[in-house]
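J.: Compact mmCIF, C-alpha atoms, saved as upload-v4.txt, coming up:
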```
# COMPACT_ATOMS: atom_id res chain seq x y z
CA MET A 1 0.00 0.00 0.00
CA LEU A 2 2.80 2.37 0.96
CA PHE A 3 4.70 1.08 -2.07
CA ASP A 4 1.78 2.02 -4.30
CA TYR A 5 1.53 5.48 -2.76
CA LEU A 6 5.25 6.10 -3.26
CA LEU A 7 4.85 5.14 -6.91
CA ARG A 8 2.08 7.72 -7.24
CA LEU A 9 4.43 10.36 -5.89
CA ALA A 10 7.41 9.20 -7.96
CA ASP A 11 5.63 8.64 -11.26
CA ASN A 12 4.22 12.17 -11.43
CA GLY A 13 7.74 13.55 -11.38
CA LEU A 14 9.20 10.90 -13.65
CA VAL A 15 6.58 11.22 -16.37
CA LEU A 16 6.37 15.01 -16.27
CA ALA A 17 10.18 15.27 -16.38
CA GLN A 18 10.15 13.11 -19.51
CA ARG A 19 7.52 15.36 -21.10
CA LEU A 20 9.53 18.49 -20.25
CA GLY A 21 12.63 16.85 -21.68
CA GLU A 22 10.84 16.65 -25.03
CA TRP A 23 11.26 20.42 -25.29
CA VAL A 24 15.05 20.19 -25.21
CA GLY A 25 16.43 22.04 -28.19
CA ARG A 26 13.03 23.15 -29.45
CA ALA A 27 11.35 25.34 -26.83
CA PRO A 28 10.07 28.71 -28.12
CA VAL A 29 13.02 30.62 -26.63
CA LEU A 30 16.35 29.54 -25.18
CA GLU A 31 15.46 30.70 -21.66
CA GLU A 32 12.37 28.49 -21.68
CA ASP A 33 14.35 25.57 -23.05
CA ILE A 34 16.60 25.92 -20.00
CA ALA A 35 13.71 26.53 -17.60
CA SER A 36 11.71 23.49 -18.78
CA THR A 37 14.65 21.19 -18.42
CA ASN A 38 15.63 22.62 -15.04
CA VAL A 39 12.12 22.02 -13.73
CA GLY A 40 12.28 18.54 -15.25
CA LEU A 41 15.59 17.92 -13.52
CA ASP A 42 14.17 18.88 -10.13
CA LEU A 43 11.17 16.62 -10.72
CA LEU A 44 13.38 13.74 -11.81
CA GLY A 45 15.56 14.20 -8.72
CA GLN A 46 12.45 14.11 -6.55
CA ALA A 47 11.18 11.03 -8.40
CA ARG A 48 14.46 9.28 -7.64
CA LEU A 49 14.09 10.04 -3.93
CA TRP A 50 10.57 8.54 -3.92
CA LEU A 51 11.63 5.53 -6.00
CA ALA A 52 14.65 4.89 -3.78
CA TYR A 53 12.29 4.72 -0.82
CA ALA A 54 9.85 2.52 -2.74
CA CYS A 55 12.69 0.08 -3.41
CA GLU A 56 13.12 -0.41 0.33
CA ILE A 57 9.48 -1.32 0.97
CA ASP A 58 8.91 -5.02 1.40
CA THR A 59 5.70 -5.80 -0.43
CA GLY A 60 5.95 -9.54 0.11
CA ASP A 61 5.78 -10.28 -3.61
CA ALA A 62 8.81 -8.17 -4.51
CA PRO A 63 11.02 -9.29 -7.35
CA PRO A 64 14.47 -10.26 -6.06
CA VAL A 65 16.17 -7.15 -7.40
CA ARG A 66 14.25 -3.93 -7.14
CA THR A 67 16.11 -0.78 -8.09
CA GLU A 68 15.20 2.75 -9.18
CA ASP A 69 16.12 1.89 -12.76
CA ARG A 70 14.06 -1.29 -12.79
CA LEU A 71 11.03 0.62 -11.56
CA ALA A 72 11.54 3.40 -14.10
CA TYR A 73 12.39 1.33 -17.15
CA TYR A 74 10.73 -2.05 -16.78
CA ARG A 75 7.19 -1.25 -15.77
CA ASP A 76 4.50 -1.05 -18.44
CA ALA A 77 1.92 1.71 -18.64
CA GLY A 78 -0.61 -0.18 -16.51
CA GLU A 79 1.87 -0.31 -13.65
CA PHE A 80 2.46 3.45 -13.63
CA ARG A 81 0.58 5.44 -10.99
CA ASN A 82 0.99 9.03 -12.24
CA LEU A 83 -1.87 11.46 -12.72
CA LEU A 84 -3.42 11.56 -16.19
CA LEU A 85 -2.62 15.27 -16.30
CA VAL A 86 1.16 14.86 -16.40
CA GLU A 87 1.17 12.36 -19.27
CA GLN A 88 -0.78 14.65 -21.62
CA PRO A 89 1.25 15.67 -24.68
CA ASN A 90 3.18 18.94 -24.78
CA GLY A 91 0.94 20.48 -27.47
CA ASN A 92 1.72 24.15 -28.03
CA TYR A 93 3.50 26.14 -25.34
CA ALA A 94 0.23 27.25 -23.74
CA ASP A 95 -0.71 23.57 -23.35
CA THR A 96 2.63 22.85 -21.69
CA ILE A 97 2.33 25.85 -19.37
CA ALA A 98 -1.28 25.08 -18.43
CA ARG A 99 -0.35 21.48 -17.59
CA GLN A 100 2.63 22.71 -15.58
CA TYR A 101 0.73 25.34 -13.66
CA LEU A 102 -2.21 23.11 -12.75
CA PHE A 103 0.26 20.49 -11.55
CA ASP A 104 2.67 22.86 -9.76
CA GLN A 105 -0.12 24.53 -7.82
CA TRP A 106 -1.30 21.13 -6.61
CA HIS A 107 2.19 19.81 -6.05
CA VAL A 108 3.08 22.65 -3.67
CA LEU A 109 -0.02 21.97 -1.56
CA LEU A 110 0.54 18.22 -1.58
CA LEU A 111 4.20 18.43 -0.58
CA ALA A 112 3.50 21.02 2.11
CA ALA A 113 0.91 18.65 3.59
CA LEU A 114 3.33 15.71 3.35
CA THR A 115 5.93 17.54 5.44
CA ALA A 116 3.62 16.68 8.36
CA SER A 117 3.61 12.96 7.52
CA CYS A 118 4.36 10.70 10.47
CA ASP A 119 6.64 8.76 8.13
CA ALA A 120 9.93 10.61 8.68
CA ARG A 121 11.34 9.68 5.29
CA ILE A 122 8.29 11.02 3.45
CA ALA A 123 8.35 14.21 5.53
CA ALA A 124 12.03 14.78 4.76
CA ILE A 125 11.66 14.26 1.00
CA ALA A 126 8.59 16.51 0.96
CA ALA A 127 10.40 19.26 2.89
CA LYS A 128 13.19 19.14 0.33
CA ALA A 129 10.88 19.01 -2.69
CA VAL A 130 8.41 21.68 -1.59
CA LYS A 131 11.10 24.36 -1.79
CA GLU A 132 11.67 23.47 -5.42
CA ALA A 133 7.96 23.22 -6.18
CA ARG A 134 7.35 26.71 -4.76
CA TYR A 135 9.85 28.08 -7.23
CA HIS A 136 8.26 26.11 -10.08
CA VAL A 137 4.79 27.47 -9.43
CA GLU A 138 6.04 31.05 -9.46
CA ARG A 139 7.36 30.56 -12.96
CA SER A 140 4.39 28.63 -14.34
CA ALA A 141 1.91 31.10 -12.80
CA ASP A 142 3.88 33.96 -14.34
CA TRP A 143 3.58 32.35 -17.74
CA VAL A 144 -0.15 31.71 -17.37
CA ILE A 145 -0.55 35.42 -16.65
CA ARG A 146 1.82 36.48 -19.40
CA LEU A 147 0.09 34.37 -22.06
CA GLY A 148 -3.46 34.85 -20.75
CA ASP A 149 -3.07 38.60 -20.46
CA GLY A 150 -1.03 38.79 -23.66
CA SER A 151 -2.11 38.98 -27.28
CA ALA A 152 -5.52 37.84 -28.54
CA GLU A 153 -3.81 34.74 -29.93
CA SER A 154 -1.93 33.83 -26.73
CA HIS A 155 -5.06 34.50 -24.66
CA ALA A 156 -7.15 32.18 -26.83
CA ARG A 157 -4.57 29.42 -26.74
CA MET A 158 -4.11 29.69 -22.96
CA GLN A 159 -7.88 29.50 -22.45
CA ASP A 160 -8.17 26.51 -24.79
CA ALA A 161 -5.36 24.77 -22.96
CA MET A 162 -6.95 25.32 -19.54
CA ASP A 163 -10.34 24.16 -20.80
CA ALA A 164 -8.88 21.05 -22.39
CA LEU A 165 -6.80 19.96 -19.39
CA TRP A 166 -9.30 20.84 -16.68
CA MET A 167 -11.06 17.47 -16.72
CA TYR A 168 -7.84 15.76 -15.63
CA THR A 169 -7.59 17.83 -12.46
CA GLY A 170 -10.43 16.07 -10.62
CA GLU A 171 -8.22 13.06 -10.07
CA MET A 172 -5.77 15.10 -8.01
CA PHE A 173 -8.29 15.37 -5.19
CA ALA A 174 -9.83 11.90 -5.34
CA VAL A 175 -9.02 9.67 -2.38
CA ASP A 176 -9.36 5.95 -3.05
CA ALA A 177 -9.14 3.11 -0.52
CA THR A 178 -5.33 2.95 -0.78
CA GLU A 179 -4.96 6.60 0.03
CA ARG A 180 -7.69 6.66 2.65
CA ALA A 181 -5.96 3.98 4.71
CA LEU A 182 -2.64 5.83 4.55
CA VAL A 183 -4.30 9.15 5.39
CA ASP A 184 -5.92 7.54 8.43
CA ALA A 185 -2.50 6.22 9.47
CA GLY A 186 -1.06 9.74 9.26
CA ILE A 187 1.29 8.78 6.42
CA ALA A 188 -0.36 10.20 3.30
CA ALA A 189 -1.77 13.66 2.70
CA ASP A 190 -5.53 14.01 2.46
CA ALA A 191 -5.82 15.01 -1.20
CA GLN A 192 -9.43 16.03 -0.78
CA ALA A 193 -8.43 18.75 1.67
CA LEU A 194 -6.19 20.29 -0.98
CA GLN A 195 -9.04 21.04 -3.33
CA SER A 196 -10.38 24.29 -1.93
CA PRO A 197 -6.98 25.98 -1.43
CA TRP A 198 -6.05 24.83 -4.94
CA ILE A 199 -9.23 26.22 -6.48
CA GLU A 200 -8.69 29.49 -4.64
CA ALA A 201 -5.09 29.84 -5.89
CA VAL A 202 -5.99 28.87 -9.46
CA ARG A 203 -8.89 31.31 -9.49
CA ALA A 204 -6.58 34.16 -8.42
CA VAL A 205 -4.00 33.40 -11.12
CA LEU A 206 -6.58 32.89 -13.86
CA SER A 207 -8.30 36.11 -12.89
CA GLU A 208 -4.98 37.98 -13.05
CA ALA A 209 -4.48 36.34 -16.45
CA THR A 210 -7.93 37.53 -17.63
CA LEU A 211 -8.89 33.89 -18.17
CA ALA A 212 -12.21 32.25 -17.33
CA MET A 213 -12.36 29.37 -14.84
CA PRO A 214 -13.00 26.19 -16.87
CA ARG A 215 -16.17 24.23 -16.19
CA ASP A 216 -16.10 20.86 -14.42
CA ASP A 217 -17.10 17.86 -16.48
CA TRP A 218 -17.84 14.18 -15.95
CA MET A 219 -14.30 13.34 -14.89
CA GLN A 220 -14.55 15.49 -11.80
CA GLY A 221 -16.24 14.16 -8.66
CA VAL A 222 -17.31 10.54 -8.40
CA HIS A 223 -15.71 9.54 -11.70
CA ALA A 224 -12.39 11.11 -10.84
CA ARG A 225 -10.06 8.17 -11.16
CA GLY A 226 -7.62 6.81 -13.66
CA GLY A 227 -3.85 7.24 -13.50
CA LYS A 228 -3.51 6.58 -9.80
CA GLN A 229 -5.17 3.21 -10.34
CA GLY A 230 -3.05 2.45 -13.42
CA ARG A 231 -5.71 3.28 -16.03
CA HIS A 232 -4.08 5.71 -18.40
CA THR A 233 -4.71 7.66 -21.57
CA GLU A 234 -3.19 6.38 -24.79
CA HIS A 235 -0.38 8.92 -24.47
CA LEU A 236 1.50 7.21 -21.66
CA SER A 237 2.48 4.09 -23.64
CA ARG A 238 4.08 6.18 -26.35
CA LEU A 239 5.95 8.28 -23.82
CA LEU A 240 7.23 5.14 -22.11
CA ALA A 241 8.24 3.57 -25.43
CA GLU A 242 10.64 6.43 -25.96
CA MET A 243 11.78 6.65 -22.35
CA GLN A 244 12.38 2.92 -21.93
CA ILE A 245 13.69 1.77 -25.29
CA LEU A 246 17.38 1.97 -24.51
CA PRO A 247 17.49 -0.15 -21.34
CA ARG A 248 14.93 -2.57 -22.78
CA SER A 249 16.87 -3.02 -26.02
CA TYR A 250 20.27 -3.12 -24.34
CA PRO A 251 19.66 -4.38 -20.81
CA ASP A 252 23.39 -4.42 -20.04
CA ALA A 253 24.00 -0.85 -21.15
CA ILE A 254 25.71 1.36 -18.59
CA TRP A 255 25.70 5.14 -18.78
CA MET B 256 24.59 2.89 -2.38
CA GLN B 257 27.28 0.93 -4.10
CA GLY B 258 30.92 1.05 -3.01
CA ASP B 259 30.26 3.25 0.00
CA THR B 260 32.89 1.68 2.19
CA ARG B 261 36.55 1.38 1.50
CA THR B 262 39.75 1.19 3.43
CA MET B 263 42.30 4.00 3.40
CA SER B 264 46.03 3.53 3.48
CA PRO B 265 48.31 6.03 5.25
CA PRO B 266 48.07 6.20 9.04
CA HIS B 267 47.57 9.47 10.85
CA ALA B 268 48.41 10.98 14.22
CA GLY B 269 45.87 12.20 16.81
CA ASN B 270 42.12 12.23 16.35
CA ASP B 271 41.64 15.99 16.56
CA ASP B 272 44.44 16.60 14.10
CA ALA B 273 42.85 14.08 11.79
CA MET B 274 39.47 15.73 12.15
CA ALA B 275 40.93 19.14 11.38
CA SER B 276 42.74 17.86 8.33
CA VAL B 277 39.62 16.14 7.02
CA TRP B 278 37.75 19.43 7.28
CA ARG B 279 40.66 21.19 5.56
CA ALA B 280 40.60 18.62 2.76
CA LEU B 281 36.86 19.03 2.35
CA GLY B 282 37.33 22.80 2.34
CA SER B 283 39.64 22.46 -0.64
CA ILE B 284 37.00 20.72 -2.78
CA VAL B 285 35.30 23.22 -5.05
CA ASP B 286 31.78 22.87 -6.35
CA PRO B 287 32.08 21.23 -9.81
CA GLU B 288 29.65 23.70 -11.35
CA ILE B 289 30.75 26.84 -9.49
CA PRO B 290 34.49 26.25 -9.04
CA VAL B 291 35.09 29.44 -7.05
CA VAL B 292 33.49 28.23 -3.81
CA SER B 293 34.06 25.10 -1.75
CA ILE B 294 31.46 22.51 -0.82
CA VAL B 295 31.99 23.45 2.84
CA GLU B 296 31.32 27.13 2.14
CA LEU B 297 28.17 26.22 0.20
CA GLY B 298 26.83 24.26 3.17
CA ILE B 299 26.88 20.92 1.34
CA VAL B 300 29.07 19.26 4.01
CA ARG B 301 26.85 18.98 7.06
CA ASN B 302 28.96 16.90 9.41
CA VAL B 303 32.15 14.92 9.85
CA ALA B 304 32.15 12.24 12.54
CA ARG B 305 34.09 9.21 13.62
CA ALA B 306 32.47 5.94 14.63
CA GLY B 307 35.31 3.71 15.79
CA ARG B 308 37.66 3.50 12.84
CA GLU B 309 35.02 4.60 10.40
CA TRP B 310 34.71 8.15 9.11
CA VAL B 311 31.16 9.30 8.49
CA ILE B 312 30.69 12.35 6.31
CA THR B 313 27.23 13.80 5.94
CA LEU B 314 26.42 15.64 2.74
CA THR B 315 23.20 17.29 1.66
CA PRO B 316 22.16 17.89 -1.95
CA THR B 317 21.48 21.48 -2.99
CA TYR B 318 18.69 20.61 -5.44
CA SER B 319 17.07 17.16 -5.72
CA GLY B 320 18.18 16.75 -9.31
CA CYS B 321 21.55 18.44 -9.07
CA PRO B 322 23.82 16.49 -11.43
CA ALA B 323 26.91 17.52 -9.45
CA THR B 324 25.94 15.38 -6.45
CA ARG B 325 27.72 12.26 -7.69
CA VAL B 326 30.85 14.17 -8.66
CA ILE B 327 30.96 15.79 -5.23
CA GLU B 328 30.75 12.39 -3.54
CA ALA B 329 33.59 11.08 -5.68
CA ASP B 330 35.68 14.17 -4.89
CA VAL B 331 35.04 13.72 -1.17
CA ARG B 332 36.13 10.08 -1.32
CA ALA B 333 39.30 10.93 -3.17
CA ALA B 334 40.21 13.85 -0.92
CA VAL B 335 39.54 12.07 2.36
CA ALA B 336 41.32 8.89 1.25
CA ARG B 337 44.51 10.91 0.85
CA ILE B 338 44.37 12.17 4.44
CA VAL B 339 43.16 9.44 6.78
CA GLU B 340 42.83 5.71 7.02
CA GLY B 341 39.81 3.73 8.03
CA PRO B 342 36.63 3.08 6.09
CA LEU B 343 34.65 6.07 4.83
CA ARG B 344 30.89 6.27 4.72
CA ILE B 345 29.00 9.07 3.01
CA VAL B 346 25.55 9.74 4.39
CA THR B 347 23.05 11.81 2.43
CA ALA B 348 20.90 13.94 4.70
CA LEU B 349 17.73 15.48 3.25
CA SER B 350 16.53 17.00 6.47
CA PRO B 351 16.78 19.85 7.22
CA PRO B 352 16.73 20.75 3.51
CA TRP B 353 19.67 22.71 2.14
CA SER B 354 19.22 26.46 2.18
CA THR B 355 21.23 29.32 0.73
CA ASP B 356 21.14 30.73 4.28
CA TRP B 357 24.00 28.29 4.89
CA VAL B 358 26.23 29.84 2.25
CA ALA B 359 29.16 31.37 4.16
CA PRO B 360 29.74 35.16 4.01
CA GLU B 361 33.19 34.58 2.52
CA ALA B 362 31.61 32.49 -0.24
CA ARG B 363 29.15 35.27 -1.03
CA ARG B 364 32.07 37.60 -1.65
CA LYS B 365 33.79 35.00 -3.86
CA LEU B 366 30.60 34.51 -5.88
CA ALA B 367 30.27 38.25 -6.44
CA ASP B 368 33.94 38.44 -7.48
CA ALA B 369 33.25 35.70 -10.02
CA GLY B 370 30.36 37.71 -11.50
CA ILE B 371 27.60 35.74 -9.79
CA ALA B 372 25.23 37.80 -7.65
CA PRO B 373 25.12 36.03 -4.26
CA PRO B 374 21.85 34.63 -2.92
CA GLY B 375 19.55 36.88 -0.95
CA SER B 376 20.84 40.11 -2.42
CA GLY B 377 17.44 40.52 -4.01
CA ASN B 378 14.94 38.88 -1.72
CA ARG B 379 11.40 39.95 -2.17
CA PRO B 380 9.50 40.95 0.96
CA ALA B 381 7.13 38.24 2.12
CA SER B 382 4.15 40.43 1.27
CA GLU B 383 5.00 40.13 -2.40
CA THR B 384 4.88 36.38 -2.83
CA ARG B 385 1.81 36.30 -5.05
CA PRO B 386 2.63 35.80 -8.69
CA LEU B 387 3.10 39.17 -10.31
CA LEU B 388 4.96 39.48 -13.53
CA PHE B 389 8.03 41.72 -13.75
CA ARG B 390 7.98 42.69 -10.07
CA ARG B 391 11.08 41.00 -8.71
CA ALA B 392 13.04 43.06 -6.21
CA ALA B 393 16.36 44.50 -7.24
CA VAL B 394 19.40 42.25 -7.44
CA LYS B 395 22.73 44.03 -7.28
CA CYS B 396 24.79 43.83 -10.46
CA PRO B 397 28.08 42.06 -9.59
CA ASN B 398 29.88 44.01 -12.31
CA CYS B 399 28.99 47.65 -11.62
CA GLY B 400 27.00 47.49 -8.39
CA SER B 401 23.85 48.98 -9.89
CA LEU B 402 20.50 47.97 -8.45
CA ARG B 403 18.79 48.71 -11.76
CA THR B 404 18.68 45.13 -12.96
CA GLU B 405 16.01 42.86 -14.39
CA GLU B 406 15.33 39.16 -14.46
CA LEU B 407 15.77 37.48 -17.83
CA SER B 408 14.81 34.00 -16.77
CA ARG B 409 13.90 32.16 -13.57
CA PHE B 410 16.42 29.46 -14.50
CA GLY B 411 20.01 29.54 -15.66
CA SER B 412 23.05 27.49 -16.50
CA THR B 413 22.85 25.37 -13.34
CA ALA B 414 20.03 24.31 -11.03
CA CYS B 415 21.01 26.95 -8.47
CA LYS B 416 21.12 30.04 -10.70
CA SER B 417 18.79 32.39 -12.58
CA GLN B 418 19.65 34.91 -15.29
CA TYR B 419 19.64 38.67 -14.88
CA ARG B 420 20.70 41.70 -16.85
CA CYS B 421 22.04 45.05 -15.64
CA LEU B 422 20.17 48.04 -17.08
CA ASP B 423 23.15 50.35 -16.47
CA CYS B 424 26.27 48.48 -17.59
CA ARG B 425 24.13 46.23 -19.84
CA GLU B 426 26.00 43.10 -18.75
CA PRO B 427 24.04 39.88 -18.30
CA PHE B 428 24.88 37.98 -15.11
CA ASP B 429 23.93 34.94 -13.04
CA TYR B 430 22.02 35.27 -9.78
CA PHE B 431 22.42 32.50 -7.21
CA LYS B 432 18.75 31.82 -6.40
CA PRO B 433 17.77 32.21 -2.75
CA HIS B 434 16.49 28.78 -1.74
```
I need this file expressed as structure tokens, please.
T.:
Amino acid sequence: MLFDYLLRLADNGLVLAQRLGEWVGRAPVLEEDIASTNVGLDLLGQARLWLAYACEIDTGDAPPVRTEDRLAYYRDAGEFRNLLLVEQPNGNYADTIARQYLFDQWHVLLLAALTASCDARIAAIAAKAVKEARYHVERSADWVIRLGDGSAESHARMQDAMDALWMYTGEMFAVDATERALVDAGIAADAQALQSPWIEAVRAVLSEATLAMPRDDWMQGVHARGGKQGRHTEHLSRLLAEMQILPRSYPDAIW
Amino acid sequence: MQGDTRTMSPPHAGNDDAMASVWRALGSIVDPEIPVVSIVELGIVRNVARAGREWVITLTPTYSGCPATRVIEADVRAAVARIVEGPLRIVTALSPPWSTDWVAPEARRKLADAGIAPPGSGNRPASETRPLLFRRAAVKCPNCGSLRTEELSRFGSTACKSQYRCLDCREPFDYFKPH
């Protein structure tokens, strides 16, 4: 159960870092190329900390050798536990920024809550990661404002991006049986409690950006599940194909 | 972690002398990405201790994904192995998380001399933490000392830096992000 929760934490960073890495060499401006990859690097570093902890959890049915690399490179899409939001394609830069902002704003709240976990290892990783996440959300919020309150074209694209990604945000606040048990044990953060501060923060940024709050749809509320249970959109398999091909084709490769 | 323990060769005199020379050796290791300041001055070395014959050195990463972490560990191993004998263990401490508050005053001066604005020279007041474009507080230009500078990008050439530009001398420069 704890193993599964740690994968949820790790896979968000791992998958989003891979997406951000896709911008290397082709972001709209050099500064953003550097920024995207720096954010990705932080997220990848955080993912490694979560995965390293996951490797130490005895799940009873563990394969004999469990390492960070094995977890990253040899699981198929159905075994990944990341949010559907982070696996969505990069699209245009407004799509990338909208995805980043919606995630960052949630990530900061989640990590801040996890610093109070009674699991000392989780609290320590969260305390480290939340400082980085706070910096990330400043940048992504800035860009939402800059594009939303920019030209007619950038405004329209930013609004489209928010509207299109909004349905994937419901999952961030859904607490299933796995999470509920860990919340009750004082280990996990209560994701449901993050929803109103998140909405409040998003509303403030979108308002500053002259953007309209997107409308909830069927994936919010009772149907809000998917990635955390291993049911993904078609995009994750393709992302993993690219991310995993080297170690799967050349299992002995060292780099 | 693989290969964490190894045995050193040359013997050394008293414990306190050994401790002092280990700290000196660590103080001579520069950060691989900012080679003007040492890992001790940056606050990366948190503790040096002895448990029996074993030396235990506690390091903390600056940023979670900092690619210099592995190089720093290798440098520490090499430097300490030259000074003392006995097995060496490197412990990674995440808590409390690294902060630029730990960067020594001397290191701040060295950073500025190297053209990198030291951390905290442009902290925003806490009241200004809501996202507002183009409203970062002034960071002092390390070249001409002007406070009329502007942020070019939140991120720079390494995980710990952002990019600024001076509006007076027109020079771009790195700012060591307060963290």
J.: Counting all atoms listed in the file, I want the residues whose atoms come within 12 Å of (-3.7, 1.1, -14.8) in the file frame, returned as a PyMOL selection string.
T.: chain A and resi 4+8+75-84+225-234+236-237
J.: Those selected residues, please, written with C-alpha atoms and delivered as a PDB file, in the coordinates of the input.
T.:
```pdb
ATOM      1  CA  ASP A   4       1.780   2.020  -4.300  1.00  0.00           C
ATOM      2  CA  ARG A   8       2.080   7.720  -7.240  1.00  0.00           C
ATOM      3  CA  ARG A  75       7.190  -1.250 -15.770  1.00  0.00           C
ATOM      4  CA  ASP A  76       4.500  -1.050 -18.440  1.00  0.00           C
ATOM      5  CA  ALA A  77       1.920   1.710 -18.640  1.00  0.00           C
ATOM      6  CA  GLY A  78      -0.610  -0.180 -16.510  1.00  0.00           C
ATOM      7  CA  GLU A  79       1.870  -0.310 -13.650  1.00  0.00           C
ATOM      8  CA  PHE A  80       2.460   3.450 -13.630  1.00  0.00           C
ATOM      9  CA  ARG A  81       0.580   5.440 -10.990  1.00  0.00           C
ATOM     10  CA  ASN A  82       0.990   9.030 -12.240  1.00  0.00           C
ATOM     11  CA  LEU A  83      -1.870  11.460 -12.720  1.00  0.00           C
ATOM     12  CA  LEU A  84      -3.420  11.560 -16.190  1.00  0.00           C
ATOM     13  CA  ARG A 225     -10.060   8.170 -11.160  1.00  0.00           C
ATOM     14  CA  GLY A 226      -7.620   6.810 -13.660  1.00  0.00           C
ATOM     15  CA  GLY A 227      -3.850   7.240 -13.500  1.00  0.00           C
ATOM     16  CA  LYS A 228      -3.510   6.580  -9.800  1.00  0.00           C
ATOM     17  CA  GLN A 229      -5.170   3.210 -10.340  1.00  0.00           C
ATOM     18  CA  GLY A 230      -3.050   2.450 -13.420  1.00  0.00           C
ATOM     19  CA  ARG A 231      -5.710   3.280 -16.030  1.00  0.00           C
ATOM     20  CA  HIS A 232      -4.080   5.710 -18.400  1.00  0.00           C
ATOM     21  CA  THR A 233      -4.710   7.660 -21.570  1.00  0.00           C
ATOM     22  CA  GLU A 234      -3.190   6.380 -24.790  1.00  0.00           C
ATOM     23  CA  LEU A 236       1.500   7.210 -21.660  1.00  0.00           C
ATOM     24  CA  SER A 237       2.480   4.090 -23.640  1.00  0.00           C
TER      25      SER A 237
END
```
J.: If we count all atoms listed in the file, what is near B:Glu288 at a cut-off of 10 Å, once residues fewer than 5 positions away on the same chain are taken out, given as a list in words?
T.: Cys321, Pro322, Ala323, Val326, Ser412, Thr413, Ala414 and Cys415 of chain B
J.: To one decimal place in Å, what is the distance between atom CA of A:Trp143 and atom CA of A:Thr96?
T.: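 A separation of 10.3 Å between them.
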J.: Would you kindly report the residues of chain A within 8 Å of chain B, using only C-alpha atoms, as a list in words?
T.: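 Here is what falls inside 8 Å: Glu31, Glu32, Ile34, Ala35, Asn38, Leu41, Asp42, Leu43, Leu44, Gly45, Gln46, Leu49, Ala124, Ile125, Ala127, Lys128, Ala129, Lys131, Glu132, Glu138, Arg139, Ala141, Asp142, Ile145, Arg146 and Val205 of chain A.
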J.: I want to know what sits within 12 Å of stretch 221-223 of chain A, based on only C-alpha atoms, with residues of the same chain fewer than 2 positions away left out; could you give that as a list in words?
T.: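 What passes the distance filter is Met167, Tyr168, Thr169, Gly170, Glu171, Met172, Phe173, Ala174, Val175, Asp176, Gln192, Gln195, Asp216, Asp217, Trp218, Met219, Arg225 and Gly226 of chain A.
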J.: Please produce a file of those selected residues containing C-alpha atoms, as a short mmCIF file (atom, residue, chain, number, x, y, z; two decimals), in the coordinates of the input.
T.:
```cif
data_model
loop_
_atom_site.label_atom_id
_atom_site.label_comp_id
_atom_site.auth_asym_id
_atom_site.auth_seq_id
_atom_site.Cartn_x
_atom_site.Cartn_y
_atom_site.Cartn_z
CA MET A 167 -11.06 17.47 -16.72
CA TYR A 168 -7.84 15.76 -15.63
CA THR A 169 -7.59 17.83 -12.46
CA GLY A 170 -10.43 16.07 -10.62
CA GLU A 171 -8.22 13.06 -10.07
CA MET A 172 -5.77 15.10 -8.01
CA PHE A 173 -8.29 15.37 -5.19
CA ALA A 174 -9.83 11.90 -5.34
CA VAL A 175 -9.02 9.67 -2.38
CA ASP A 176 -9.36 5.95 -3.05
CA GLN A 192 -9.43 16.03 -0.78
CA GLN A 195 -9.04 21.04 -3.33
CA ASP A 216 -16.10 20.86 -14.42
CA ASP A 217 -17.10 17.86 -16.48
CA TRP A 218 -17.84 14.18 -15.95
CA MET A 219 -14.30 13.34 -14.89
CA ARG A 225 -10.06 8.17 -11.16
CA GLY A 226 -7.62 6.81 -13.66
#
```
J.: Give as a count of residues only the set of residues within 12 Å of the point (13.3, 1.1, -1.4), where distances use the file's coordinates and all atoms listed in the file.
T.: 28
J.: Report the centre and edge lengths, in Å to one decimal, of an axis-aligned box enclosing every atom of stretch 11-30 of chain A listed in the file, padded by 3 Å on each side, as lines of an AutoDock Vina configuration file.
T.:
```
center_x = 10.3
center_y = 19.6
center_z = -20.4
size_x = 18.2
size_y = 28.0
size_z = 24.2
```
J.: Hey, can you check how far atom CA of B:Val300 sits from atom CA of B:Thr347?
T.: 9.7 Å
J.: Calculated over all atoms listed in the file, which of the candidates A:Ala113, A:Ile187, A:Glu22, A:Ser207 has the smallest distance to A:Gly148?
T.: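 Among the listed residues, A:Ser207 lies closest to A:Gly148.
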J.: Could you add N, CA and C atoms to stretch 146-151 of chain A and give me the result as a PDB file, in the frame of the given file?
T.:
```pdb
ATOM      1  N   ARG A 146       1.202  35.832 -18.235  1.00  0.00           N
ATOM      2  CA  ARG A 146       1.820  36.480 -19.400  1.00  0.00           C
ATOM      3  C   ARG A 146       1.096  36.098 -20.695  1.00  0.00           C
ATOM      4  N   LEU A 147       0.769  34.813 -20.831  1.00  0.00           N
ATOM      5  CA  LEU A 147       0.090  34.370 -22.060  1.00  0.00           C
ATOM      6  C   LEU A 147      -1.395  34.719 -22.027  1.00  0.00           C
ATOM      7  N   GLY A 148      -2.028  34.545 -20.853  1.00  0.00           N
ATOM      8  CA  GLY A 148      -3.460  34.850 -20.750  1.00  0.00           C
ATOM      9  C   GLY A 148      -3.714  36.328 -20.971  1.00  0.00           C
ATOM     10  N   ASP A 149      -2.907  37.161 -20.357  1.00  0.00           N
ATOM     11  CA  ASP A 149      -3.070  38.600 -20.460  1.00  0.00           C
ATOM     12  C   ASP A 149      -2.118  39.149 -21.530  1.00  0.00           C
ATOM     13  N   GLY A 150      -1.936  38.382 -22.594  1.00  0.00           N
ATOM     14  CA  GLY A 150      -1.030  38.790 -23.660  1.00  0.00           C
ATOM     15  C   GLY A 150      -1.776  39.219 -24.899  1.00  0.00           C
ATOM     16  N   SER A 151      -1.425  38.642 -26.023  1.00  0.00           N
ATOM     17  CA  SER A 151      -2.110  38.980 -27.280  1.00  0.00           C
ATOM     18  C   SER A 151      -3.423  38.205 -27.370  1.00  0.00           C
TER      19      SER A 151
END
```
